[in-house]
Amino acid sequence: MVAQKLRCREISEADIDAVADLLTRGFVGRPRDYWIRGLRRQAAREVPDGYPRFGHMLDCDGLPVGVLLLLYTARADGAETSIYCNLSSWYVEPAFRNYAPLLTKIAQKNAEVTYLNISPATWTWPIIEAQGFVPYCRGLFFSLPALSRIKPGMTVETVAADARTIEGLSSSEAELLTRHARYGCLSLICRTAGGDALPIILLPVRIRRGWIAPPAMQLIYCRDIADYVQCAGAIGRFLIRHGKISVLLDSNGAVPGLIGIYTEARGRKYFKGPHRPRLANLTDTELVLYGP
């Protein structure tokens with residue numbers, strides 16, 4: 001028998017096709033096009049200097065037998081910029097499962113990084129917590145924004161994917177909205193009667209596994225939940241015209257000022273590292289780049 005050479009290394013752009021094949025085998029129900037689209041988006045996006053673009057893989061004689069996708073992002077935390085990393089899709093071929101801890105150990109080695117797990121399966125919660133992760137979001141609030149009152153003078157406008165500037169927003173925030181519009185999100189500006197421009201990013205989501213719910217959007221970004229509450233009535237009327245009724249918010253309980261239902265049956269999200277993530281910021285995560 002010829003000995004196999006196994007090592008853990010960074011994924012390169014040349015590995016995209018093979019990694020997509022591996023993930024397609026590992027995640028039943030996700031077509032190969034789903035992985036290729038997300039990997040190509042990772043290939044094109046901006047990544048903080050010194051951090052992996054795609055993540056890490058277990059390489060056996062040149063082919064991936066295990067993979068852990070990593071999405072690194074620089075976010076402004078007040079006056080400073082912090083590094084966040086979304087630990088995404090993790091799969092190892094059965095014959096190599098003994099080496100799986102290598103991936104997580106290498107992926108979580110940077111003490112300055114805040115690591116996120118935003119889509120943990122229920123059965124993995126105890127395992128994740130044993131690794132030092134702490135929940136920062138315990139559930140979802142299913143809001144029905146059309147039932148909220150519209151603030152006088154509030155208007156809603158769509159941000160085009162090719163917009164260069166947005167009145168009332170900084171260049172960095174305008175770029176955030178246009179970038180997410182290119183990813184397929186619905187980027188909106190709510191303008192108040194007083195002239196404030198409030199950015200909102202929403203993403204169409206699917207409700208699965210026995211849930212009965214109206215066509216829904218996930219809140220991906222706003223500066224503060226209070227901004228969404230203020231804009232809810234106008235957003236609700238806007239979404240009804242597009243066939244959407246509900247907006248899901250990451251939450252730790254019922255949201256004052258909104259009509260809807262809170263549940264902890266889904267939506268839990270974890271972090272480990274120096275900065276507790278705030279709610280209402282899922283920008284540049286797997287949910288956006290790969291889809292729900």
# chains A, B, ... in the order shown; residues from 1 in each chain; ligands from 1
>>> select_by_dssp(residues="segment 67-129 of chain A", states="strand (DSSP E)", output="compact mmCIF listing (two decimals) with N, CA, C and O atoms, in the first residue's frame")
# COMPACT_ATOMS: atom_id res chain seq x y z
N VAL A 67 -12.62 20.27 4.65
CA VAL A 67 -12.61 21.70 4.38
C VAL A 67 -13.35 22.45 5.46
O VAL A 67 -14.32 21.96 6.04
N LEU A 68 -12.86 23.63 5.78
CA LEU A 68 -13.55 24.57 6.66
C LEU A 68 -13.44 25.94 6.01
O LEU A 68 -12.35 26.50 5.90
N LEU A 69 -14.57 26.47 5.55
CA LEU A 69 -14.59 27.78 4.92
C LEU A 69 -14.55 28.86 5.98
O LEU A 69 -15.21 28.76 7.02
N LEU A 70 -13.79 29.92 5.73
CA LEU A 70 -13.64 31.05 6.65
C LEU A 70 -13.90 32.34 5.89
O LEU A 70 -13.33 32.55 4.81
N LEU A 71 -14.73 33.21 6.46
CA LEU A 71 -15.01 34.49 5.84
C LEU A 71 -14.54 35.59 6.79
O LEU A 71 -15.20 35.89 7.79
N TYR A 72 -13.38 36.18 6.47
CA TYR A 72 -12.81 37.25 7.30
C TYR A 72 -13.32 38.61 6.83
O TYR A 72 -13.42 38.87 5.63
N THR A 73 -13.64 39.47 7.80
CA THR A 73 -14.14 40.80 7.51
C THR A 73 -13.59 41.79 8.53
O THR A 73 -13.47 41.45 9.71
N ALA A 74 -13.25 42.97 8.07
CA ALA A 74 -12.87 44.07 8.97
C ALA A 74 -14.11 44.93 9.21
O ALA A 74 -14.72 45.41 8.25
N ARG A 75 -14.48 45.11 10.47
CA ARG A 75 -15.65 45.92 10.82
C ARG A 75 -15.24 47.03 11.76
O ARG A 75 -14.37 46.86 12.62
N ALA A 76 -15.90 48.16 11.61
CA ALA A 76 -15.65 49.29 12.49
C ALA A 76 -16.36 49.07 13.82
O ALA A 76 -17.58 48.87 13.85
N ASP A 77 -15.60 49.06 14.91
CA ASP A 77 -16.14 48.98 16.27
C ASP A 77 -15.84 50.30 16.96
O ASP A 77 -14.80 50.46 17.62
N GLU A 80 -12.25 52.11 16.37
CA GLU A 80 -11.25 51.18 15.87
C GLU A 80 -11.88 50.14 14.94
O GLU A 80 -13.10 49.98 14.89
N THR A 81 -11.03 49.45 14.21
CA THR A 81 -11.48 48.41 13.29
C THR A 81 -11.09 47.05 13.86
O THR A 81 -9.94 46.86 14.29
N SER A 82 -12.03 46.13 13.87
CA SER A 82 -11.80 44.80 14.42
C SER A 82 -11.98 43.75 13.33
O SER A 82 -12.70 43.97 12.35
N ILE A 83 -11.34 42.60 13.53
CA ILE A 83 -11.42 41.51 12.57
C ILE A 83 -12.40 40.46 13.07
O ILE A 83 -12.30 39.99 14.20
N TYR A 84 -13.34 40.11 12.19
CA TYR A 84 -14.31 39.07 12.48
C TYR A 84 -14.14 37.94 11.47
O TYR A 84 -13.77 38.18 10.32
N CYS A 85 -14.43 36.71 11.91
CA CYS A 85 -14.31 35.57 11.03
C CYS A 85 -15.54 34.67 11.20
O CYS A 85 -15.78 34.14 12.29
N ASN A 86 -16.30 34.51 10.14
CA ASN A 86 -17.44 33.61 10.13
C ASN A 86 -16.94 32.20 9.79
O ASN A 86 -16.49 31.94 8.68
N LEU A 87 -16.99 31.30 10.79
CA LEU A 87 -16.66 29.90 10.55
C LEU A 87 -17.84 29.28 9.80
O LEU A 87 -18.93 29.14 10.35
N SER A 88 -17.60 28.91 8.57
CA SER A 88 -18.71 28.47 7.73
C SER A 88 -18.63 26.96 7.52
O SER A 88 -18.18 26.23 8.40
N SER A 89 -19.02 26.51 6.36
CA SER A 89 -19.25 25.10 6.07
C SER A 89 -18.02 24.24 6.38
O SER A 89 -16.92 24.50 5.89
N TRP A 90 -18.25 23.19 7.18
CA TRP A 90 -17.17 22.31 7.65
C TRP A 90 -17.55 20.88 7.29
O TRP A 90 -18.61 20.39 7.67
N TYR A 91 -16.67 20.22 6.54
CA TYR A 91 -16.93 18.83 6.17
C TYR A 91 -15.62 18.09 6.01
O TYR A 91 -14.66 18.62 5.42
N VAL A 92 -15.57 16.85 6.52
CA VAL A 92 -14.40 15.97 6.38
C VAL A 92 -14.90 14.60 5.95
O VAL A 92 -15.88 14.07 6.50
N VAL A 113 -8.88 37.86 16.73
CA VAL A 113 -10.05 37.70 15.86
C VAL A 113 -11.27 37.29 16.67
O VAL A 113 -11.18 36.48 17.60
N THR A 114 -12.42 37.85 16.34
CA THR A 114 -13.70 37.40 16.90
C THR A 114 -14.32 36.42 15.92
O THR A 114 -14.61 36.77 14.78
N TYR A 115 -14.51 35.18 16.38
CA TYR A 115 -15.04 34.12 15.53
C TYR A 115 -16.55 34.00 15.71
O TYR A 115 -17.06 34.08 16.83
N LEU A 116 -17.24 33.79 14.59
CA LEU A 116 -18.69 33.69 14.59
C LEU A 116 -19.12 32.33 14.06
O LEU A 116 -18.54 31.81 13.10
N ASN A 117 -20.16 31.78 14.67
CA ASN A 117 -20.85 30.62 14.12
C ASN A 117 -22.32 31.01 14.08
O ASN A 117 -22.99 31.07 15.11
>>> residues_around(residues="segment 137-142 of chain A", least_positions_apart="5", cutoff="7 Å", atoms="only C-alpha atoms", output="list in words")
Ser246, Val247, Leu248, Leu249, Asp250, Ser251, Asn252, Ala254, Gly260, Ile261, Tyr262, Thr263, Glu264, Ala265, Arg266, Gly267, Arg268, Lys269 and Tyr270 of chain A
>>> write_last_selection(atoms="N, CA and C atoms", output="mmCIF file, in the first residue's frame")
data_model
loop_
_atom_site.group_PDB
_atom_site.id
_atom_site.type_symbol
_atom_site.label_atom_id
_atom_site.label_comp_id
_atom_site.auth_asym_id
_atom_site.auth_seq_id
_atom_site.Cartn_x
_atom_site.Cartn_y
_atom_site.Cartn_z
ATOM 1 N N SER A 246 -43.135 39.078 6.069
ATOM 2 C CA SER A 246 -42.442 39.027 7.354
ATOM 3 C C SER A 246 -40.972 39.400 7.208
ATOM 4 N N VAL A 247 -40.406 40.021 8.257
ATOM 5 C CA VAL A 247 -38.971 40.289 8.347
ATOM 6 C C VAL A 247 -38.458 39.644 9.627
ATOM 7 N N LEU A 248 -37.434 38.785 9.492
ATOM 8 C CA LEU A 248 -36.839 38.097 10.628
ATOM 9 C C LEU A 248 -35.687 38.916 11.182
ATOM 10 N N LEU A 249 -35.671 39.061 12.512
ATOM 11 C CA LEU A 249 -34.610 39.794 13.174
ATOM 12 C C LEU A 249 -33.905 38.875 14.160
ATOM 13 N N ASP A 250 -32.573 38.891 14.177
ATOM 14 C CA ASP A 250 -31.842 38.253 15.268
ATOM 15 C C ASP A 250 -32.226 38.962 16.555
ATOM 16 N N SER A 251 -32.543 38.182 17.582
ATOM 17 C CA SER A 251 -33.069 38.808 18.789
ATOM 18 C C SER A 251 -32.851 37.918 19.997
ATOM 19 N N ASN A 252 -32.908 38.524 21.173
ATOM 20 C CA ASN A 252 -32.862 37.791 22.438
ATOM 21 C C ASN A 252 -34.177 37.929 23.198
ATOM 22 N N ALA A 254 -38.674 39.453 22.632
ATOM 23 C CA ALA A 254 -39.605 40.275 21.871
ATOM 24 C C ALA A 254 -39.015 41.666 21.675
ATOM 25 N N GLY A 260 -45.205 40.810 16.221
ATOM 26 C CA GLY A 260 -44.660 39.578 15.696
ATOM 27 C C GLY A 260 -44.511 38.523 16.767
ATOM 28 N N ILE A 261 -43.713 37.506 16.487
ATOM 29 C CA ILE A 261 -43.535 36.361 17.373
ATOM 30 C C ILE A 261 -42.050 36.091 17.552
ATOM 31 N N TYR A 262 -41.650 35.851 18.811
ATOM 32 C CA TYR A 262 -40.261 35.496 19.119
ATOM 33 C C TYR A 262 -40.161 33.996 19.364
ATOM 34 N N THR A 263 -39.099 33.369 18.827
ATOM 35 C CA THR A 263 -38.864 31.955 19.057
ATOM 36 C C THR A 263 -37.389 31.692 19.289
ATOM 37 N N GLU A 264 -37.091 30.697 20.119
ATOM 38 C CA GLU A 264 -35.720 30.244 20.325
ATOM 39 C C GLU A 264 -35.499 28.872 19.700
ATOM 40 N N ALA A 265 -36.469 28.421 18.893
ATOM 41 C CA ALA A 265 -36.331 27.133 18.220
ATOM 42 C C ALA A 265 -35.299 27.178 17.107
ATOM 43 N N ARG A 266 -34.988 28.361 16.639
ATOM 44 C CA ARG A 266 -33.976 28.546 15.602
ATOM 45 C C ARG A 266 -33.370 29.935 15.742
ATOM 46 N N GLY A 267 -32.251 30.129 15.056
ATOM 47 C CA GLY A 267 -31.650 31.457 15.039
ATOM 48 C C GLY A 267 -30.506 31.679 15.994
ATOM 49 N N ARG A 268 -30.154 30.666 16.827
ATOM 50 C CA ARG A 268 -29.067 30.884 17.779
ATOM 51 C C ARG A 268 -27.749 31.110 17.040
ATOM 52 N N LYS A 269 -26.945 32.042 17.555
ATOM 53 C CA LYS A 269 -25.659 32.388 16.956
ATOM 54 C C LYS A 269 -24.623 32.555 18.060
ATOM 55 N N TYR A 270 -23.389 32.126 17.771
ATOM 56 C CA TYR A 270 -22.322 32.101 18.767
ATOM 57 C C TYR A 270 -21.138 32.978 18.348
#
>>> closest_residue(among="A:Gly233, A:Gly184, A:Pro215, A:Gly66", to="Arg7 of chain A", atoms="only C-alpha atoms")
A:Gly66
>>> atom_distance(atom1="atom CA of Ile201 of chain A", atom2="atom CA of His180 of chain A")
7.6 Å
>>> residues_around(residues="Thr283 of chain A", least_positions_apart="2", cutoff="7 Å", atoms="only C-alpha atoms", output="list in words")
Ile220, Tyr221, Asn281, Thr285 and Val288 of chain A
>>> closest_residue(among="A:Gln108, A:Thr24, A:Ser172, A:Thr158", to="Phe133 of chain A", atoms="only C-alpha atoms")
A:Gln108
>>> closest_residue(among="A:Pro120, A:Gly55, A:Gly62, A:Gly153", to="Ala107 of chain A", atoms="only C-alpha atoms")
A:Gly55
>>> select_by_dssp(residues="segment 63-97 of chain A", states="helix (DSSP H, G or I)", output="PyMOL selection string")
chain A and resi 94-97
>>> residues_around(residues="Ala20 of chain A", least_positions_apart="3", cutoff="9 Å", atoms="only C-alpha atoms", output="ChimeraX atom specification")
/A:15-17,23-25,32-36,39
>>> closest_residue(among="A:Glu10, A:Asp284, A:Asp162, A:Asp196", to="Asp59 of chain A", atoms="only C-alpha atoms")
A:Glu10
>>> atom_distance(atom1="atom CA of Ala160 of chain A", atom2="atom CA of Ala79 of chain A")
28.9 Å
